[in-house]
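entry-v6.tsv follows; it contains TSV, C-alpha atoms.
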```
chain	number	residue	atom	x	y	z
A	1	MET	CA	0.00	0.00	0.00
A	2	ASN	CA	1.50	3.35	-0.95
A	3	SER	CA	-1.41	5.64	-0.19
A	4	VAL	CA	-3.21	7.13	2.77
A	5	HIS	CA	-6.94	6.63	3.12
A	6	ASN	CA	-8.89	8.93	5.37
A	7	VAL	CA	-11.87	7.42	7.19
A	8	SER	CA	-13.82	9.48	9.70
A	9	ALA	CA	-16.37	8.78	12.38
A	10	ALA	CA	-19.42	10.95	12.83
A	11	SER	CA	-18.85	13.73	15.31
A	12	THR	CA	-20.03	17.17	16.23
A	13	ALA	CA	-16.46	18.46	16.46
A	14	PRO	CA	-15.38	20.88	13.71
A	15	SER	CA	-12.25	18.96	12.69
A	16	THR	CA	-13.99	15.75	11.66
A	17	ALA	CA	-13.03	14.74	8.14
A	18	PRO	CA	-15.42	14.33	5.22
A	19	SER	CA	-16.75	10.81	4.72
A	20	THR	CA	-14.80	10.32	1.53
A	21	THR	CA	-11.88	8.01	0.86
A	22	SER	CA	-8.99	9.33	-1.19
A	23	SER	CA	-5.38	8.54	-1.95
A	24	ALA	CA	-2.63	10.66	-0.44
A	25	ALA	CA	-1.88	12.09	-3.87
A	26	SER	CA	-5.41	13.42	-4.33
A	27	LEU	CA	-6.49	14.15	-0.75
A	28	PRO	CA	-6.94	17.93	-0.32
A	29	SER	CA	-4.60	19.36	2.28
A	30	SER	CA	-7.58	20.80	4.13
A	31	ALA	CA	-9.43	17.50	4.49
A	32	GLY	CA	-10.49	17.09	8.09
A	33	ALA	CA	-8.85	20.35	9.10
A	34	LEU	CA	-10.03	23.41	10.88
A	35	ASP	CA	-9.92	26.68	8.96
A	36	PRO	CA	-6.43	28.07	9.72
A	37	ALA	CA	-8.09	31.38	10.60
A	38	SER	CA	-10.28	29.67	13.22
A	39	SER	CA	-9.26	28.68	16.72
A	40	ALA	CA	-8.53	25.36	18.39
A	41	ALA	CA	-7.86	27.01	21.76
A	42	GLY	CA	-8.52	24.74	24.71
A	43	GLN	CA	-8.54	21.58	22.59
A	44	THR	CA	-6.19	18.58	22.54
A	45	LEU	CA	-5.17	16.76	19.36
A	46	THR	CA	-3.66	13.28	19.63
A	47	PHE	CA	-2.16	11.07	16.92
A	48	ILE	CA	-1.81	7.33	17.64
A	49	THR	CA	-0.08	4.85	15.34
A	50	GLY	CA	-1.13	1.21	15.37
A	51	SER	CA	-4.60	2.28	16.52
A	52	SER	CA	-6.71	-0.44	14.91
A	53	ARG	CA	-6.20	-3.08	17.62
A	54	GLY	CA	-4.49	-4.00	20.87
A	55	LEU	CA	-2.94	-1.27	22.99
A	56	GLY	CA	-3.26	1.32	20.22
A	57	GLU	CA	-7.01	0.83	19.98
A	58	ALA	CA	-7.33	1.00	23.77
A	59	LEU	CA	-5.25	4.19	23.84
A	60	ALA	CA	-7.47	5.77	21.19
A	61	ARG	CA	-10.57	4.93	23.23
A	62	GLU	CA	-9.09	6.40	26.41
A	63	CYS	CA	-8.02	9.57	24.60
A	64	LEU	CA	-11.49	9.98	23.12
A	65	GLN	CA	-13.05	9.59	26.55
A	66	ALA	CA	-10.66	12.24	27.85
A	67	GLY	CA	-11.96	14.67	25.23
A	68	HIS	CA	-9.06	14.53	22.80
A	69	GLN	CA	-9.59	14.85	19.08
A	70	VAL	CA	-7.98	11.62	17.91
A	71	ILE	CA	-6.36	10.65	14.63
A	72	GLY	CA	-5.50	6.98	14.45
A	73	ILE	CA	-2.98	5.73	11.90
A	74	ALA	CA	-2.92	2.05	10.98
A	75	ARG	CA	-3.05	-0.29	8.02
A	76	GLY	CA	-6.50	-1.45	9.06
A	77	ARG	CA	-9.35	0.32	10.80
A	78	SER	CA	-11.28	-0.42	13.96
A	79	GLU	CA	-15.02	-0.68	13.45
A	80	ALA	CA	-15.50	-0.91	17.22
A	81	LEU	CA	-13.57	2.30	17.77
A	82	GLU	CA	-15.50	4.11	15.07
A	83	GLN	CA	-18.80	2.95	16.53
A	84	PHE	CA	-17.71	4.07	20.01
A	85	ALA	CA	-16.81	7.53	18.70
A	86	ARG	CA	-20.05	7.89	16.77
A	87	GLN	CA	-22.25	6.80	19.67
A	88	ASN	CA	-20.58	9.17	22.11
A	89	GLY	CA	-20.11	12.17	19.81
A	90	HIS	CA	-16.31	12.01	19.94
A	91	SER	CA	-14.01	13.36	17.23
A	92	LEU	CA	-12.14	10.51	15.52
A	93	GLN	CA	-10.35	10.12	12.23
A	94	GLN	CA	-8.80	6.85	11.10
A	95	TRP	CA	-6.08	7.23	8.50
A	96	GLN	CA	-5.32	3.94	6.79
A	97	ALA	CA	-1.68	3.67	5.80
A	98	ASP	CA	1.02	1.02	5.66
A	99	LEU	CA	3.63	2.04	8.24
A	100	ALA	CA	6.14	-0.20	6.46
A	101	GLU	CA	6.17	2.66	3.91
A	102	PRO	CA	6.47	5.47	6.46
A	103	LEU	CA	7.59	8.25	4.12
A	104	VAL	CA	4.09	8.48	2.62
A	105	ILE	CA	2.22	8.88	5.90
A	106	ALA	CA	4.89	11.13	7.44
A	107	ARG	CA	4.57	13.58	4.55
A	108	HIS	CA	0.78	13.41	4.74
A	109	LEU	CA	0.79	14.09	8.48
A	110	GLY	CA	3.07	17.09	8.07
A	111	ASP	CA	0.98	18.53	5.25
A	112	TRP	CA	-2.21	18.06	7.26
A	113	LEU	CA	-0.78	19.72	10.35
A	114	ARG	CA	0.19	22.77	8.33
A	115	THR	CA	-3.50	23.34	7.60
A	116	GLN	CA	-4.28	23.58	11.31
A	117	PRO	CA	-4.48	26.67	13.52
A	118	ALA	CA	-1.44	27.05	15.77
A	119	ASP	CA	-3.32	27.55	19.02
A	120	TRP	CA	-4.20	24.00	20.03
A	121	ALA	CA	-3.82	23.76	23.80
A	122	SER	CA	-1.82	20.58	23.33
A	123	VAL	CA	-0.89	18.15	20.60
A	124	ASN	CA	0.40	14.63	21.20
A	125	LEU	CA	2.03	11.98	19.04
A	126	ILE	CA	1.93	8.42	20.38
A	127	ASN	CA	4.17	6.13	18.32
A	128	ASN	CA	2.68	2.79	19.30
A	129	ALA	CA	2.91	0.63	16.16
A	130	GLY	CA	5.24	-2.34	16.24
A	131	VAL	CA	5.71	-5.76	14.67
A	132	ILE	CA	7.06	-9.00	16.15
A	133	PRO	CA	7.84	-11.68	13.57
A	134	ALA	CA	7.60	-15.31	14.66
A	135	PRO	CA	10.32	-15.87	17.29
A	136	GLY	CA	13.50	-17.53	16.14
A	137	PRO	CA	17.01	-16.71	14.94
A	138	THR	CA	17.37	-13.71	12.67
A	139	GLU	CA	18.22	-15.74	9.57
A	140	ALA	CA	15.01	-17.77	9.93
A	141	GLN	CA	13.01	-14.76	8.69
A	142	THR	CA	12.90	-13.51	5.13
A	143	LEU	CA	14.68	-10.26	4.41
A	144	GLU	CA	11.32	-8.72	3.54
A	145	VAL	CA	9.88	-9.58	6.96
A	146	LEU	CA	12.92	-8.17	8.76
A	147	SER	CA	12.83	-4.98	6.71
A	148	SER	CA	9.13	-4.46	7.31
A	149	ALA	CA	9.42	-5.01	11.07
A	150	LEU	CA	12.26	-2.51	11.40
A	151	ARG	CA	10.53	0.08	9.24
A	152	VAL	CA	7.27	-0.13	11.21
A	153	GLY	CA	8.98	-0.23	14.59
A	154	LEU	CA	11.71	2.37	14.12
A	155	GLU	CA	11.77	4.19	10.78
A	156	ALA	CA	8.10	5.14	11.06
A	157	THR	CA	8.74	6.56	14.53
A	158	LEU	CA	11.64	8.64	13.23
A	159	LEU	CA	9.91	10.02	10.12
A	160	ILE	CA	6.52	10.68	11.71
A	161	SER	CA	8.16	12.37	14.69
A	162	ALA	CA	10.28	14.55	12.40
A	163	ALA	CA	7.24	15.59	10.37
A	164	PHE	CA	5.28	16.28	13.56
A	165	LEU	CA	8.01	18.44	15.08
A	166	ASP	CA	8.63	20.36	11.87
A	167	ALA	CA	4.98	21.16	11.17
A	168	THR	CA	4.21	22.21	14.76
A	169	GLY	CA	7.46	24.03	15.48
A	170	HIS	CA	5.73	27.41	15.82
A	171	TRP	CA	2.74	26.17	17.82
A	172	VAL	CA	2.25	27.73	21.23
A	173	GLY	CA	0.64	24.79	23.06
A	174	HIS	CA	2.17	21.77	24.74
A	175	ARG	CA	3.74	19.29	22.32
A	176	ARG	CA	4.49	15.78	23.48
A	177	ILE	CA	5.88	12.68	21.79
A	178	LEU	CA	5.27	9.40	23.59
A	179	ASN	CA	7.07	6.42	22.09
A	180	ILE	CA	5.78	3.03	23.23
A	181	SER	CA	8.93	1.05	23.89
A	182	SER	CA	9.49	-2.30	25.59
A	183	GLY	CA	11.66	-3.96	28.17
A	184	LEU	CA	13.05	-5.89	25.20
A	185	GLY	CA	14.62	-2.65	24.00
A	186	ARG	CA	16.61	-2.57	27.23
A	187	ARG	CA	17.34	-6.28	27.57
A	188	ALA	CA	18.32	-8.36	24.55
A	189	MET	CA	16.69	-11.76	24.10
A	190	ALA	CA	17.44	-14.65	21.75
A	191	GLY	CA	14.79	-15.17	19.09
A	192	LEU	CA	13.49	-11.58	19.09
A	193	ALA	CA	16.42	-9.72	17.55
A	194	VAL	CA	14.58	-7.40	15.16
A	195	TYR	CA	12.03	-6.35	17.80
A	196	CYS	CA	14.81	-5.77	20.34
A	197	ALA	CA	16.68	-3.70	17.76
A	198	ALA	CA	13.64	-1.58	16.90
A	199	LYS	CA	12.85	-0.81	20.54
A	200	ALA	CA	16.48	-0.15	21.49
A	201	GLY	CA	16.68	2.21	18.53
A	202	MET	CA	13.46	3.88	19.64
A	203	ASP	CA	14.89	4.43	23.12
A	204	ASN	CA	18.08	6.06	21.87
A	205	LEU	CA	16.19	8.04	19.24
A	206	SER	CA	13.99	9.37	22.04
A	207	ARG	CA	17.00	10.36	24.11
A	208	ALA	CA	18.58	12.18	21.18
A	209	MET	CA	15.35	13.96	20.23
A	210	ALA	CA	14.91	15.02	23.85
A	211	LEU	CA	18.40	16.54	23.77
A	212	ASP	CA	17.49	18.39	20.56
A	213	GLU	CA	14.44	19.83	22.32
A	214	GLU	CA	16.57	20.88	25.31
A	215	VAL	CA	18.79	22.87	22.94
A	216	LYS	CA	15.73	24.62	21.49
A	217	ALA	CA	14.45	25.47	24.96
A	218	SER	CA	17.84	26.88	25.97
A	219	GLN	CA	17.66	29.17	22.94
A	220	GLY	CA	14.21	30.42	23.87
A	221	ARG	CA	12.54	28.52	21.03
A	222	PRO	CA	9.37	26.41	21.31
A	223	SER	CA	10.24	22.87	22.33
A	224	ALA	CA	8.52	19.53	22.72
A	225	ARG	CA	8.85	16.86	25.38
A	226	VAL	CA	9.77	13.29	24.55
A	227	VAL	CA	9.39	10.04	26.50
A	228	SER	CA	10.04	6.41	25.56
A	229	LEU	CA	7.77	4.38	27.82
A	230	ALA	CA	7.80	0.63	28.41
A	231	PRO	CA	4.14	-0.31	28.99
A	232	GLY	CA	4.61	-3.62	30.78
A	233	ILE	CA	3.42	-7.07	29.69
A	234	ILE	CA	0.05	-6.86	27.97
A	235	ASN	CA	-2.46	-9.47	26.87
A	236	THR	CA	-2.45	-8.74	23.12
A	237	ASP	CA	-1.93	-10.62	19.86
A	238	MET	CA	1.76	-9.76	20.12
A	239	GLN	CA	2.10	-11.86	23.27
A	240	ALA	CA	0.34	-14.73	21.50
A	241	THR	CA	2.89	-14.52	18.69
A	242	ILE	CA	5.74	-14.67	21.19
A	243	ARG	CA	4.26	-17.70	22.96
A	244	GLY	CA	3.94	-19.43	19.60
A	245	GLY	CA	7.70	-19.60	19.12
A	246	GLY	CA	9.47	-22.93	19.23
A	247	PRO	CA	11.83	-23.54	22.18
A	248	GLU	CA	14.70	-24.52	19.90
A	249	GLY	CA	14.94	-20.99	18.50
A	250	PHE	CA	13.38	-19.16	21.43
A	251	PRO	CA	14.74	-20.44	24.75
A	252	ASP	CA	12.68	-17.99	26.83
A	253	ARG	CA	9.37	-19.27	25.45
A	254	ASP	CA	8.29	-20.97	28.71
A	255	ARG	CA	8.73	-17.70	30.56
A	256	PHE	CA	6.20	-16.00	28.31
A	257	VAL	CA	3.82	-18.94	28.56
A	258	ALA	CA	4.01	-18.57	32.34
A	259	PHE	CA	3.06	-14.89	32.10
A	260	GLU	CA	-0.28	-16.02	30.70
A	261	THR	CA	-0.91	-19.10	32.83
A	262	GLU	CA	-0.01	-17.26	36.04
A	263	GLY	CA	-2.23	-14.28	35.22
A	264	GLN	CA	0.61	-11.78	34.92
A	265	LEU	CA	-0.62	-10.15	31.70
A	266	ALA	CA	-2.30	-6.77	32.04
A	267	SER	CA	-5.29	-5.93	29.86
A	268	ALA	CA	-4.88	-3.44	27.05
A	269	ALA	CA	-7.56	-1.23	28.64
A	270	ASP	CA	-5.84	-1.09	32.04
A	271	THR	CA	-2.48	-0.41	30.42
A	272	ALA	CA	-3.95	2.36	28.26
A	273	CYS	CA	-5.23	4.11	31.40
A	274	LYS	CA	-1.75	4.02	32.92
A	275	VAL	CA	-0.08	5.20	29.70
A	276	LEU	CA	-2.49	8.10	29.34
A	277	ALA	CA	-1.89	9.05	32.98
A	278	TRP	CA	1.84	9.16	32.20
A	279	LEU	CA	1.21	11.31	29.14
A	280	SER	CA	-0.74	13.76	31.33
A	281	ARG	CA	1.94	14.11	34.02
A	282	GLN	CA	3.20	17.59	34.77
A	283	ASP	CA	6.78	16.25	34.76
A	284	PHE	CA	6.37	14.44	31.43
A	285	GLY	CA	9.74	14.42	29.68
A	286	GLN	CA	11.96	14.85	32.72
A	287	GLN	CA	12.69	11.11	32.60
A	288	VAL	CA	13.07	10.19	28.93
A	289	LEU	CA	13.38	6.41	29.36
A	290	ALA	CA	10.59	5.26	31.63
A	291	ASP	CA	8.49	2.25	32.60
A	292	VAL	CA	4.77	2.55	33.32
A	293	ARG	CA	5.22	0.17	36.26
A	294	ASP	CA	7.41	2.76	37.99
A	295	ALA	CA	4.55	5.27	38.30
```
Using structure tokens, write down the structure from this file.
Amino acid sequence: MNSVHNVSAASTAPSTAPSTTSSAASLPSSAGALDPASSAAGQTLTFITGSSRGLGEALARECLQAGHQVIGIARGRSEALEQFARQNGHSLQQWQADLAEPLVIARHLGDWLRTQPADWASVNLINNAGVIPAPGPTEAQTLEVLSSALRVGLEATLLISAAFLDATGHWVGHRRILNISSGLGRRAMAGLAVYCAAKAGMDNLSRAMALDEEVKASQGRPSARVVSLAPGIINTDMQATIRGGGPEGFPDRDRFVAFETEGQLASAADTACKVLAWLSRQDFGQQVLADVRDA
């Protein structure tokens, strides 16, 4: 897929997109946008990647309930999320895009943001999307699978964050980037090399971007805050994929099976509440590498 499709849920909010579906090449830059001359004062805008299922879907729901205007970005779309937004009058857009081709969606996001008024009270980017191939040694996967996993897990975070920061650089409200990391980015594990690499890269990318923002702040320029947050062990399809690995190529398999059998997996909904609480902290960004379990 090399295009972005814009799908919106019914809402009374002024930034809800038209109910048309268009490619990125033909989508008007003003689609789903407020008139630049109008005001978004007092409102919060939140982007969430990987929003069609799992933790991303739960995060989108929590943000909607908190009154955010939400734009989800994923290859698929969540009918349940769209129904929830419609029934409760929340503002939701679902942009369908393949994050394994992140340049397309990053450019689209930047172009869209430039159509927006600059007085949003706050704007958030939650880079949540990630891919875990079947556990096993690196060479057991095709090169295409490895490339796709790294592009979704790391390159998309880099490009979307860069587009976000560039397009909102003059905005006066709070700007926050929350990267959903993993303990596996901080502790290597046999059989999960590409996922470990993506999350370790995300952590160090977050640290470097945070330093960039510190430089801007020291120069009196608008700056954003950045956190890379490990969300704990969650009962999602990703955990099922990990448990499905064979012990010969994934020696820690029994440990992950025990997480499930011993009831140690948190629900996506409970985790989303904790992640959103972290996003809302007054000291967000003071600790760049964080774990939701340390709250």
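Proximity of A:Ala197, A:Ala295, A:Ala167, A:Ala268 to A:Gln116, computed with only C-alpha atoms, is greatest for A:Ala167.
Distance-wise, atom CA of A:Gly42 and atom CA of A:Ile73 end up 23.6 Å apart.
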Please define a box with edges along x, y and z of the file around all atoms of stretch 272-291 of chain A given in the file, extend it by 6 Å on each side, and return its centre and edge lengths in Å to one decimal, as lines of an AutoDock Vina configuration file.
```
center_x = 4.1
center_y = 9.9
center_z = 31.5
size_x = 30.6
size_y = 27.3
size_z = 18.5
```
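Of note, atom CA of A:Ser91 and atom CA of A:His68 are spaced 7.5 Å apart.
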**Request:** Starting from the point (8.7, 17.7, 26.9), work out which residues of protein, DNA or RNA have an atom no more than 9 Å away when counting all atoms listed in the file; state them as a PyMOL selection string.
**Result:** chain A and resi 174-177+210+213-214+223-227+283-286+288
**Request:** Tell me, as an NGL selection string, which residues lie within 7 Å of A:Thr44, counting all atoms listed in the file; anything in the same chain fewer than 4 positions away does not count.
**Result:** :A and (68-69 or 120-123)
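When atom CA of A:Val152 is paired with atom CA of A:Arg77, their separation reads 16.6 Å.
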**Message:** Please return as a PyMOL selection string every residue within 8 Å of (11.3, 6.5, 17.9), taking into account all atoms listed in the file and the file's own coordinates.
**Reply:** chain A and resi 127+153-158+161+179+199+201-206+228
**Message:** With only C-alpha atoms as the counted atoms, please give the residues lying no more than 12 Å from A:Ala240, apart from itself and same-chain residues fewer than 4 positions off, as a ChimeraX atom specification.
**Reply:** /A:54,132-135,233-236,244-245,253,256-257,259-260,265
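Among the candidates A:Thr261, A:Gln141, A:Gln239, A:Thr49, the residue lying nearest to A:Leu109 is A:Thr49 (atoms considered: all atoms listed in the file).
Closest to A:Asp119 among A:Leu103, A:Leu45, A:Ala40, A:Leu146 is A:Ala40, based on only C-alpha atoms.
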